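Quick look at query_30.tsv (TSV, C-alpha atoms):
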```tsv
chain	number	residue	atom	x	y	z
A	219	MET	CA	-39.94	-10.89	44.32
A	220	ARG	CA	-40.91	-10.64	40.71
A	221	SER	CA	-40.17	-6.95	40.31
A	222	TRP	CA	-36.85	-7.52	42.03
A	223	SER	CA	-35.71	-10.05	39.42
A	224	LEU	CA	-36.91	-7.74	36.64
A	225	GLN	CA	-34.74	-5.04	38.12
A	226	ILE	CA	-31.72	-7.32	37.92
A	227	ILE	CA	-32.45	-8.21	34.33
A	228	ALA	CA	-32.84	-4.53	33.48
A	229	LYS	CA	-29.49	-3.79	35.14
A	230	VAL	CA	-27.76	-6.61	33.27
A	231	PHE	CA	-29.12	-5.34	29.96
A	232	ALA	CA	-28.16	-1.75	30.74
A	233	THR	CA	-24.61	-2.85	31.57
A	234	ALA	CA	-24.37	-4.98	28.45
A	235	PHE	CA	-25.53	-2.08	26.30
A	236	ALA	CA	-23.10	0.29	27.97
A	237	VAL	CA	-20.23	-2.15	27.31
A	238	LEU	CA	-21.27	-2.62	23.68
A	239	TRP	CA	-21.59	1.11	23.23
A	240	LEU	CA	-18.10	1.66	24.65
A	241	MET	CA	-16.69	-1.04	22.38
A	242	SER	CA	-18.25	0.59	19.34
A	243	LEU	CA	-16.61	3.96	20.01
A	244	PRO	CA	-13.83	4.75	17.56
A	245	VAL	CA	-11.17	4.73	20.22
A	246	SER	CA	-7.61	4.25	19.10
A	247	TRP	CA	-5.56	2.44	21.69
A	248	ALA	CA	-2.31	3.14	19.87
A	249	VAL	CA	-2.22	6.83	20.76
A	250	GLU	CA	-0.77	7.04	24.24
A	251	PRO	CA	-1.89	9.65	26.79
A	252	ASP	CA	1.50	11.37	26.91
A	253	GLU	CA	1.32	12.06	23.17
A	254	ILE	CA	-2.00	13.88	23.25
A	255	LEU	CA	-1.79	17.64	22.82
A	256	ALA	CA	-3.47	20.01	25.25
A	257	ASP	CA	-4.88	22.05	22.36
A	258	ALA	CA	-7.98	20.08	21.30
A	259	GLU	CA	-8.08	21.62	17.84
A	260	LEU	CA	-4.45	20.74	17.07
A	261	GLU	CA	-4.96	17.28	18.51
A	262	ALA	CA	-7.95	16.73	16.20
A	263	ARG	CA	-5.84	17.78	13.23
A	264	ALA	CA	-3.03	15.49	14.35
A	265	ARG	CA	-5.45	12.57	14.64
A	266	ALA	CA	-6.91	13.23	11.19
A	267	LEU	CA	-3.44	13.47	9.68
A	268	SER	CA	-2.21	10.37	11.48
A	269	SER	CA	-5.01	8.28	10.04
A	270	GLU	CA	-3.82	9.21	6.52
A	271	ILE	CA	-0.19	8.27	7.13
A	272	ARG	CA	0.90	4.70	6.60
A	273	CYS	CA	3.00	2.99	9.22
A	274	LEU	CA	6.04	1.75	7.29
A	275	VAL	CA	6.62	-1.09	9.71
A	276	CYS	CA	3.15	-2.59	9.64
A	277	GLN	CA	2.25	-1.21	6.21
A	278	ASN	CA	-1.51	-1.84	6.27
A	279	GLN	CA	-2.07	0.18	9.41
A	280	SER	CA	-2.08	3.92	9.75
A	281	ILE	CA	0.29	5.39	12.31
A	282	ASP	CA	-2.84	6.30	14.27
A	283	ASP	CA	-3.61	2.58	14.70
A	284	SER	CA	-0.15	1.13	14.93
A	285	ASP	CA	1.72	0.27	18.10
A	286	ALA	CA	5.08	0.21	16.35
A	287	GLU	CA	7.86	2.40	17.78
A	288	LEU	CA	8.20	4.14	14.44
A	289	ALA	CA	4.48	4.97	14.36
A	290	ARG	CA	4.75	6.52	17.80
A	291	GLU	CA	7.78	8.51	16.69
A	292	LEU	CA	5.87	9.77	13.64
A	293	ARG	CA	2.79	10.65	15.71
A	294	ILE	CA	4.95	12.72	18.04
A	295	LEU	CA	6.73	14.31	15.08
A	296	ILE	CA	3.40	15.30	13.49
A	297	ARG	CA	2.29	16.90	16.76
A	298	GLU	CA	5.57	18.77	17.13
A	299	ARG	CA	5.30	20.11	13.60
A	300	LEU	CA	1.67	21.16	14.00
A	301	THR	CA	2.49	22.88	17.29
A	302	GLY	CA	5.36	24.60	15.48
A	303	GLY	CA	2.85	26.08	13.03
A	304	ASP	CA	3.13	23.70	10.08
A	305	SER	CA	0.08	23.26	7.85
A	306	ASP	CA	-1.25	19.75	7.22
A	307	ASP	CA	0.28	19.77	3.74
A	308	GLU	CA	3.66	20.85	5.07
A	309	VAL	CA	3.67	17.93	7.49
A	310	LYS	CA	2.71	15.53	4.71
A	311	ASP	CA	5.35	16.99	2.40
A	312	TYR	CA	8.02	16.42	5.03
A	313	LEU	CA	7.02	12.79	5.51
A	314	VAL	CA	6.89	12.23	1.75
A	315	SER	CA	10.37	13.77	1.44
A	316	ARG	CA	11.67	11.12	3.88
A	317	TYR	CA	9.68	8.04	2.89
A	318	GLY	CA	8.18	8.75	-0.53
A	319	ASP	CA	4.54	8.66	-1.61
A	320	PHE	CA	4.20	5.27	0.05
A	321	VAL	CA	3.55	6.92	3.45
A	322	LEU	CA	0.33	8.41	2.12
A	323	PHE	CA	-2.73	6.20	2.02
A	324	ASN	CA	-4.14	8.39	-0.76
A	325	PRO	CA	-1.69	8.39	-3.65
A	326	PRO	CA	-1.21	11.82	-5.24
A	327	LEU	CA	-2.59	12.29	-8.74
A	328	ARG	CA	0.21	12.23	-11.32
A	329	ALA	CA	1.15	10.37	-14.50
A	330	SER	CA	2.49	7.31	-12.67
A	331	THR	CA	-0.66	6.92	-10.58
A	332	PHE	CA	-3.21	7.32	-13.38
A	333	ALA	CA	-3.76	3.56	-13.43
A	334	ILE	CA	-4.72	3.58	-9.75
A	335	TRP	CA	-7.08	6.53	-9.99
A	336	PHE	CA	-8.71	5.84	-13.36
A	337	GLY	CA	-8.19	2.08	-13.79
A	338	PRO	CA	-11.53	1.17	-12.17
A	339	PHE	CA	-13.43	3.59	-14.42
A	340	ILE	CA	-11.67	2.28	-17.51
A	341	PHE	CA	-12.65	-1.25	-16.55
A	342	LEU	CA	-16.21	-0.11	-15.92
A	343	ALA	CA	-16.37	1.56	-19.34
A	344	PHE	CA	-14.93	-1.60	-20.89
A	345	GLY	CA	-17.63	-3.69	-19.16
A	346	LEU	CA	-20.40	-1.34	-20.29
A	347	LEU	CA	-19.09	-1.53	-23.85
A	348	ILE	CA	-19.18	-5.33	-23.76
A	349	ALA	CA	-22.68	-5.24	-22.30
A	350	PHE	CA	-23.82	-2.79	-24.99
A	351	PHE	CA	-22.52	-4.91	-27.88
A	352	TYR	CA	-23.84	-8.10	-26.31
A	353	LEU	CA	-27.33	-6.67	-25.90
A	354	ARG	CA	-27.28	-5.20	-29.40
A	355	ALA	CA	-26.35	-8.59	-30.84
A	356	GLN	CA	-29.44	-10.05	-29.12
A	357	ARG	CA	-31.77	-7.48	-30.71
A	358	PRO	CA	-32.20	-8.93	-34.28
A	359	VAL	CA	-33.50	-12.21	-32.82
A	360	ALA	CA	-36.14	-10.34	-30.84
A	361	SER	CA	-37.23	-8.19	-33.81
A	362	GLN	CA	-37.47	-11.22	-36.10
A	363	ALA	CA	-40.11	-12.68	-33.76
A	364	SER	CA	-42.22	-9.53	-34.10
A	365	LEU	CA	-42.22	-9.71	-37.87
A	366	GLY	CA	-45.35	-10.98	-39.62
A	367	LEU	CA	-45.75	-14.60	-40.67
A	368	SER	CA	-44.20	-15.83	-43.86
A	369	ALA	CA	-46.48	-17.23	-46.55
A	370	GLU	CA	-45.62	-20.80	-45.61
A	371	GLU	CA	-46.26	-20.13	-41.94
A	372	ARG	CA	-49.63	-18.57	-42.69
A	373	GLN	CA	-50.66	-21.50	-44.80
A	374	ARG	CA	-49.65	-23.91	-42.07
A	375	LEU	CA	-51.53	-21.84	-39.49
A	376	ASP	CA	-54.66	-21.88	-41.68
A	377	GLU	CA	-54.40	-25.63	-42.00
A	378	VAL	CA	-54.15	-26.06	-38.24
A	379	LEU	CA	-57.04	-23.66	-37.65
A	380	ASN	CA	-59.18	-25.42	-40.18
A	381	LEU	CA	-58.39	-28.67	-38.48
A	382	ALA	CA	-59.55	-27.21	-35.17
A	383	GLU	CA	-62.69	-25.78	-36.80
A	384	ASN	CA	-63.71	-29.16	-38.15
A	385	SER	CA	-63.08	-31.10	-34.97
A	386	ASP	CA	-64.49	-28.63	-32.42
A	387	GLY	CA	-67.85	-26.98	-33.20
A	388	ASP	CA	-68.12	-25.03	-29.89
A	389	SER	CA	-65.04	-22.88	-30.41
A	390	GLN	CA	-65.98	-22.08	-33.99
A	391	ALA	CA	-66.77	-18.40	-33.42
A	392	SER	CA	-63.57	-17.57	-31.62
A	393	THR	CA	-61.30	-19.45	-34.03
A	394	GLU	CA	-62.92	-17.68	-36.96
A	395	GLN	CA	-62.10	-14.43	-35.26
A	396	VAL	CA	-58.47	-15.41	-35.01
A	397	SER	CA	-58.22	-16.55	-38.59
A	398	GLU	CA	-59.83	-13.31	-39.75
A	399	ASP	CA	-57.25	-11.34	-37.75
A	400	SER	CA	-54.36	-13.19	-39.25
A	401	VAL	CA	-55.74	-12.70	-42.74
A	402	GLN	CA	-56.20	-8.98	-42.13
A	403	LYS	CA	-52.66	-8.76	-40.86
A	404	GLY	CA	-51.40	-10.64	-43.84
A	405	SER	CA	-53.13	-8.37	-46.31
A	406	GLY	CA	-51.88	-5.29	-44.44
A	407	GLU	CA	-48.28	-6.12	-45.33
S	79	MET	CA	-12.44	-13.82	-38.02
S	80	THR	CA	-13.99	-11.90	-35.11
S	81	LYS	CA	-15.30	-15.15	-33.72
S	82	ARG	CA	-11.87	-16.77	-33.83
S	83	LEU	CA	-10.42	-13.75	-32.04
S	84	ILE	CA	-12.82	-14.33	-29.14
S	85	PHE	CA	-11.49	-17.86	-28.72
S	86	ILE	CA	-7.89	-16.65	-28.71
S	87	LEU	CA	-8.66	-13.89	-26.21
S	88	PRO	CA	-8.57	-16.03	-23.00
S	89	ALA	CA	-5.20	-17.48	-23.99
S	90	LEU	CA	-3.97	-13.97	-24.73
S	91	ILE	CA	-5.16	-12.66	-21.36
S	92	PHE	CA	-3.47	-15.63	-19.70
S	93	VAL	CA	-0.15	-14.86	-21.37
S	94	VAL	CA	-0.40	-11.19	-20.40
S	95	LEU	CA	-1.18	-12.14	-16.77
S	96	VAL	CA	1.72	-14.60	-16.59
S	97	GLY	CA	3.98	-11.88	-17.97
S	98	PHE	CA	2.73	-9.47	-15.32
S	99	PHE	CA	3.31	-11.97	-12.50
S	100	VAL	CA	6.80	-12.86	-13.71
S	101	TRP	CA	7.60	-9.15	-13.83
S	102	GLY	CA	6.24	-8.79	-10.29
S	103	LEU	CA	8.53	-11.57	-9.04
S	104	GLN	CA	11.66	-9.78	-10.21
S	105	GLU	CA	14.12	-8.61	-7.60
S	106	GLY	CA	13.39	-5.14	-6.31
S	107	ARG	CA	9.65	-5.50	-6.90
S	108	ASP	CA	8.81	-6.71	-3.40
S	109	PRO	CA	6.01	-4.32	-2.43
S	110	SER	CA	6.83	-4.62	1.29
S	111	ILE	CA	10.23	-3.00	0.69
S	112	VAL	CA	9.56	0.70	0.28
S	113	PRO	CA	11.83	2.30	-2.31
S	114	SER	CA	14.08	4.92	-0.79
S	115	ALA	CA	13.14	8.56	-1.16
S	116	MET	CA	16.58	9.63	0.04
S	117	ILE	CA	18.68	8.93	-3.04
S	118	GLU	CA	20.34	12.08	-4.42
S	119	LYS	CA	19.15	14.10	-1.42
S	120	PRO	CA	21.55	15.90	0.89
S	121	ILE	CA	22.02	14.35	4.32
S	122	PRO	CA	19.54	15.70	6.87
S	123	GLU	CA	20.44	17.98	9.73
S	124	PHE	CA	21.16	15.87	12.79
S	125	ASP	CA	23.39	15.51	15.80
S	126	PHE	CA	23.93	12.04	17.16
S	127	PRO	CA	25.92	12.18	20.39
S	128	GLY	CA	28.64	9.67	21.10
S	129	GLU	CA	28.73	7.29	24.03
S	130	PRO	CA	31.98	6.98	26.03
S	131	LEU	CA	31.27	3.35	26.82
S	132	LEU	CA	31.31	2.52	23.10
S	133	GLU	CA	34.70	4.28	22.76
S	134	ARG	CA	33.70	6.22	19.64
S	135	ASP	CA	32.80	9.82	18.95
S	136	GLY	CA	29.33	10.71	17.82
S	137	PHE	CA	28.70	12.73	14.68
S	138	SER	CA	26.48	15.31	13.06
S	139	ASP	CA	25.72	16.43	9.53
S	140	LYS	CA	28.60	18.90	9.86
S	141	SER	CA	31.18	16.33	10.87
S	142	MET	CA	30.12	14.28	7.85
S	143	GLN	CA	31.17	17.08	5.49
S	144	ASN	CA	34.81	16.00	5.57
S	145	GLY	CA	35.33	15.21	1.91
S	146	LYS	CA	35.15	11.48	2.45
S	147	VAL	CA	32.80	8.87	1.10
S	148	ILE	CA	31.07	7.51	4.21
S	149	VAL	CA	29.01	4.38	4.63
S	150	VAL	CA	26.33	4.94	7.27
S	151	ASN	CA	24.94	1.87	8.94
S	152	PHE	CA	21.94	1.83	11.28
S	153	PHE	CA	22.26	-0.97	13.81
S	154	ALA	CA	21.21	-2.16	17.26
S	155	SER	CA	22.14	-5.06	19.48
S	156	TRP	CA	18.54	-6.28	19.54
S	157	CYS	CA	18.44	-6.53	15.76
S	158	ILE	CA	19.20	-10.08	14.65
S	159	PRO	CA	19.92	-9.30	10.96
S	160	CYS	CA	22.42	-6.67	12.20
S	161	ARG	CA	24.38	-9.51	13.81
S	162	ALA	CA	24.20	-11.43	10.56
S	163	GLU	CA	25.69	-8.62	8.48
S	164	HIS	CA	28.26	-7.55	11.07
S	165	ALA	CA	31.05	-9.84	9.81
S	166	LEU	CA	30.54	-8.54	6.26
S	167	LEU	CA	30.74	-4.92	7.42
S	168	THR	CA	33.94	-5.72	9.31
S	169	GLN	CA	35.35	-7.37	6.22
S	170	LEU	CA	34.45	-4.32	4.11
S	171	VAL	CA	36.36	-2.05	6.48
S	172	GLU	CA	39.39	-4.32	6.74
S	173	GLU	CA	39.71	-5.40	3.12
S	174	GLU	CA	38.16	-2.57	1.12
S	175	GLY	CA	39.13	0.23	3.49
S	176	ILE	CA	35.68	1.83	3.53
S	177	THR	CA	34.81	4.49	6.11
S	178	LEU	CA	32.00	3.08	8.20
S	179	TRP	CA	30.02	5.24	10.62
S	180	GLY	CA	27.36	3.59	12.72
S	181	ILE	CA	24.10	4.81	14.18
S	182	ASN	CA	23.03	2.87	17.23
S	183	HIS	CA	19.25	3.09	17.25
S	184	ARG	CA	17.12	2.69	20.40
S	185	ASP	CA	19.59	0.50	22.21
S	186	LYS	CA	20.71	0.01	25.78
S	187	THR	CA	24.31	1.19	26.05
S	188	GLU	CA	25.42	-1.95	27.93
S	189	ASP	CA	23.82	-4.17	25.29
S	190	ALA	CA	25.45	-2.20	22.46
S	191	LYS	CA	28.80	-2.49	24.25
S	192	GLU	CA	28.43	-6.24	24.67
S	193	PHE	CA	27.43	-6.55	21.00
S	194	LEU	CA	30.56	-4.72	19.87
S	195	ASP	CA	32.83	-6.43	22.40
S	196	ARG	CA	31.73	-9.80	21.19
S	197	LEU	CA	31.57	-9.21	17.44
S	198	GLY	CA	34.20	-6.51	17.02
S	199	ASN	CA	33.81	-2.79	16.36
S	200	PRO	CA	34.36	-1.83	12.73
S	201	TYR	CA	32.76	1.62	13.17
S	202	GLU	CA	34.99	4.69	13.05
S	203	ARG	CA	32.28	6.66	14.79
S	204	ILE	CA	29.08	5.68	16.53
S	205	GLY	CA	26.18	8.09	17.03
S	206	ILE	CA	23.37	7.36	19.45
S	207	ASP	CA	19.85	7.77	18.05
S	208	SER	CA	17.08	7.70	20.61
S	209	GLY	CA	14.34	7.57	17.96
S	210	ARG	CA	13.96	10.56	15.66
S	211	GLY	CA	17.15	9.85	13.71
S	212	VAL	CA	15.60	7.12	11.59
S	213	VAL	CA	12.84	9.44	10.39
S	214	LYS	CA	15.36	12.10	9.36
S	215	TRP	CA	17.22	9.53	7.32
S	216	GLY	CA	14.13	7.92	5.78
S	217	VAL	CA	14.93	4.68	7.58
S	218	TYR	CA	12.16	2.46	8.96
S	219	GLY	CA	13.74	-0.87	9.75
S	220	LEU	CA	17.06	-2.20	10.96
S	221	PRO	CA	19.58	-2.70	9.57
S	222	GLU	CA	19.75	-0.14	6.80
S	223	THR	CA	22.87	1.10	5.05
S	224	LEU	CA	23.47	4.31	3.10
S	225	VAL	CA	26.39	5.70	1.16
S	226	VAL	CA	27.11	9.44	1.40
S	227	ASP	CA	29.36	11.07	-1.21
S	228	ARG	CA	32.04	13.74	-0.68
S	229	GLU	CA	29.52	16.53	-1.08
S	230	GLY	CA	27.27	15.11	1.60
S	231	ARG	CA	24.65	13.65	-0.68
S	232	ILE	CA	23.06	10.23	-0.28
S	233	ARG	CA	23.95	8.05	-3.25
S	234	TYR	CA	22.90	4.58	-2.17
S	235	HIS	CA	20.38	3.18	0.28
S	236	HIS	CA	19.86	-0.45	1.12
S	237	ARG	CA	17.11	-1.71	3.41
S	238	GLY	CA	17.75	-4.96	5.24
S	239	PRO	CA	20.95	-6.85	5.97
S	240	LEU	CA	23.80	-6.66	3.50
S	241	VAL	CA	24.72	-9.93	1.86
S	242	ARG	CA	27.77	-10.71	-0.22
S	243	ALA	CA	25.89	-10.61	-3.54
S	244	ILE	CA	24.41	-7.16	-2.85
S	245	ILE	CA	27.75	-5.81	-1.63
S	246	GLU	CA	29.51	-6.98	-4.77
S	247	ARG	CA	26.79	-6.03	-7.22
S	248	ASP	CA	25.54	-2.70	-5.78
S	249	LEU	CA	27.42	-1.31	-2.78
S	250	LEU	CA	31.06	-1.65	-3.87
S	251	PRO	CA	30.53	-0.30	-7.41
S	252	VAL	CA	28.83	2.77	-5.95
S	253	ILE	CA	31.67	3.38	-3.48
S	254	ARG	CA	34.35	2.79	-6.14
S	255	ALA	CA	32.62	5.17	-8.56
S	256	LEU	CA	32.61	7.89	-5.88
S	257	ASP	CA	36.20	7.36	-4.67
```

Using structure tokens, write down the structure that the file contains.
Amino acid sequence: MRSWSLQIIAKVFATAFAVLWLMSLPVSWAVEPDEILADAELEARARALSSEIRCLVCQNQSIDDSDAELARELRILIRERLTGGDSDDEVKDYLVSRYGDFVLFNPPLRASTFAIWFGPFIFLAFGLLIAFFYLRAQRPVASQASLGLSAEERQRLDEVLNLAENSDGDSQASTEQVSEDSVQKGSGE
Amino acid sequence: MTKRLIFILPALIFVVLVGFFVWGLQEGRDPSIVPSAMIEKPIPEFDFPGEPLLERDGFSDKSMQNGKVIVVNFFASWCIPCRAEHALLTQLVEEEGITLWGINHRDKTEDAKEFLDRLGNPYERIGIDSGRGVVKWGVYGLPETLVVDREGRIRYHHRGPLVRAIIERDLLPVIRALD
């Protein structure tokens, strides 16, 4: 009885895992069976290309993901062109000639797209520059603390130490040590 | 001085941002409307057959090379904005005497016939496009309207329905300049 219920649990888990695994597969439901090419190599190229081409109807989806009629038309067109012997770049060039650079998810590098390609790095450099100057401005404060004591400060310290010496006999040895140190340091300057 | 500059900086950045946003709100800067890549390009090679039921001949790139300025309009009966602009297209043909050729995209013939029977047929020719035609013409939505000059080059391309203001400001001046 017990092993039987364990078996059921195991089966349920196995099924659940299988379903989850299937759901995690990068399957595109937009590509319909009748579009798929018999030549696996060409089909792989078509899929890779399709994922780089923007669907102009639903603009934030690639034509590989989109269910729009236009996306289907473009997917078929890409496959026809690849079958006809076009290179990937030739297919892209044709689409750009019809719809402009906007069809490409990766904008081509040219003067008008410099801001897109290099903008982030310019902002990063700007941020680093600000950080550099900010940290450098902090530095003098830190170095001032490491400087020796001024004459007034030393005098005040001696007074305090003397006060401690007089009131607390037990810690006499150690406080003398400290006051000797500070004197040595003072004379070293 | 440097310190004062730091206090002015946020206000300065604000002004620059406002300027940028105002610029972005200008007409023609809507990022969802893709600028046409077809302007100044020759018309593509195509052959759109006619449909007897629509009582108009089809046309191809060759039949467009007739020395006339032609307005090409992509339409379909299922396209609501096409209905909206139809009266204006008809008016353009009747009052301005433009040559209007239509491309009926992905439509059922009976529906297209009913559309034209009900609203009138201003098209001199109507070609049937079963799908690929829009790609050849760089068209991705309906309606879209293009103007082709005497040499068979595309000189104007408007995405979306034509409205009176656009016709008067953009379309008619282009046609008049070419005529």

Check which residues of chain A sit at most 8 Å from chain S using all atoms listed in the file, and return one row each with the closest pair of atoms and their distance in Å to one decimal, ordered by chain and rising number, as a Markdown table.
```
| residue | atom | partner | partner_atom | distance |
| --- | --- | --- | --- | --- |
| A:Leu274 | CA | S:Tyr218 | CA | 6.4 |
| A:Val275 | CA | S:Tyr218 | CA | 6.6 |
| A:Gln277 | CA | S:Ser110 | CA | 7.5 |
| A:Leu288 | CA | S:Tyr218 | CA | 7.0 |
| A:Glu291 | CA | S:Arg210 | CA | 6.6 |
| A:Leu292 | CA | S:Val213 | CA | 7.7 |
| A:Val314 | CA | S:Ala115 | CA | 7.8 |
| A:Ser315 | CA | S:Ala115 | CA | 6.4 |
| A:Arg316 | CA | S:Gly216 | CA | 4.5 |
| A:Tyr317 | CA | S:Gly216 | CA | 5.3 |
| A:Gly318 | CA | S:Ala115 | CA | 5.0 |
| A:Phe320 | CA | S:Val112 | CA | 7.0 |
```

List the spatial neighbours of His236 in chain S as a CSV table (one decimal) with C-alpha atoms, keeping the file's coordinate frame - criterion: any atom at most 7 Å away, all atoms listed in the file, same-chain residues fewer than 6 positions off excluded.
```csv
chain,number,residue,atom,x,y,z
S,222,GLU,CA,19.8,-0.1,6.8
S,223,THR,CA,22.9,1.1,5.0
S,224,LEU,CA,23.5,4.3,3.1
```

Using the file's own x, y and z axes, what box holds all listed atoms of range 216-221 of chain S with 8 Å on each side, keeping edges along x, y and z, and what are its centre and edge lengths in Å to one decimal, as JSON?
```
{"center_x": 15.9, "center_y": 2.6, "center_z": 8.4, "size_x": 23.4, "size_y": 26.6, "size_z": 21.2}
```

Inset, instruction - For CA of Phe126 in chain S and CA of Ile281 in chain A, determine how far apart the two atoms are, in Å to one decimal place. - result: 25.0 Å

Inset, instruction - Would you list the contacts of Arg134 in chain S as a PyMOL selection string, taking every protein, DNA or RNA residue within 9 Å and counting all atoms listed in the file, but skipping same-chain residues closer than 5 positions in sequence? - result: chain S and resi 128-129+201-205

Legend entry - Pairwise distance for CA of Arg247 in chain S and CA of Phe152 in chain S, rounded to one decimal in Å: 20.7 Å

Inset, instruction - Could you please determine the separation between CA of Val249 in chain A and CA of Gly303 in chain A in Å, to one decimal place? - result: 21.4 Å

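When only C-alpha atoms are used to compute distances to Asp311 in chain A, the closest of the residues A:Leu267, A:Ala343, A:Phe350, A:Phe336 turns out to be A:Leu267.
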
Can you pull out every residue within 6 Å of Ala248 in chain A, counting only C-alpha atoms, but drop anything in the same chain fewer than 4 positions away, and send it as a PDB file with C-alpha atoms, in the frame of the given file?
```
ATOM      1  CA  ASP A 283      -3.610   2.580  14.700  1.00  0.00           C
ATOM      2  CA  SER A 284      -0.150   1.130  14.930  1.00  0.00           C
ATOM      3  CA  ASP A 285       1.720   0.270  18.100  1.00  0.00           C
TER       4      ASP A 285
END
```

Inset, instruction - Within 9 Å of Lys146 in chain S, counting only C-alpha atoms, which residues show up once you throw out same-chain ones fewer than 4 positions away? Write them as a ChimeraX atom specification, please. - result: /S:142,177,226-230,257

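The nearest approach to Leu250 in chain S among the residues S:Pro221, S:Gly175, S:Pro88, S:Gly180, with only C-alpha atoms taken into account, belongs to S:Gly175.
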
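Proximity of S:Ala243, S:Val225, S:Asp135, S:Val94 to Ile206 in chain S, computed with only C-alpha atoms, is greatest for S:Asp135.
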
Legend entry - Shell of 12 Å around Leu220 in chain S, only C-alpha atoms, local chain residues under 4 positions omitted, as a ChimeraX atom specification: /A:275,288 /S:151-163,180-185,212,216,236-240
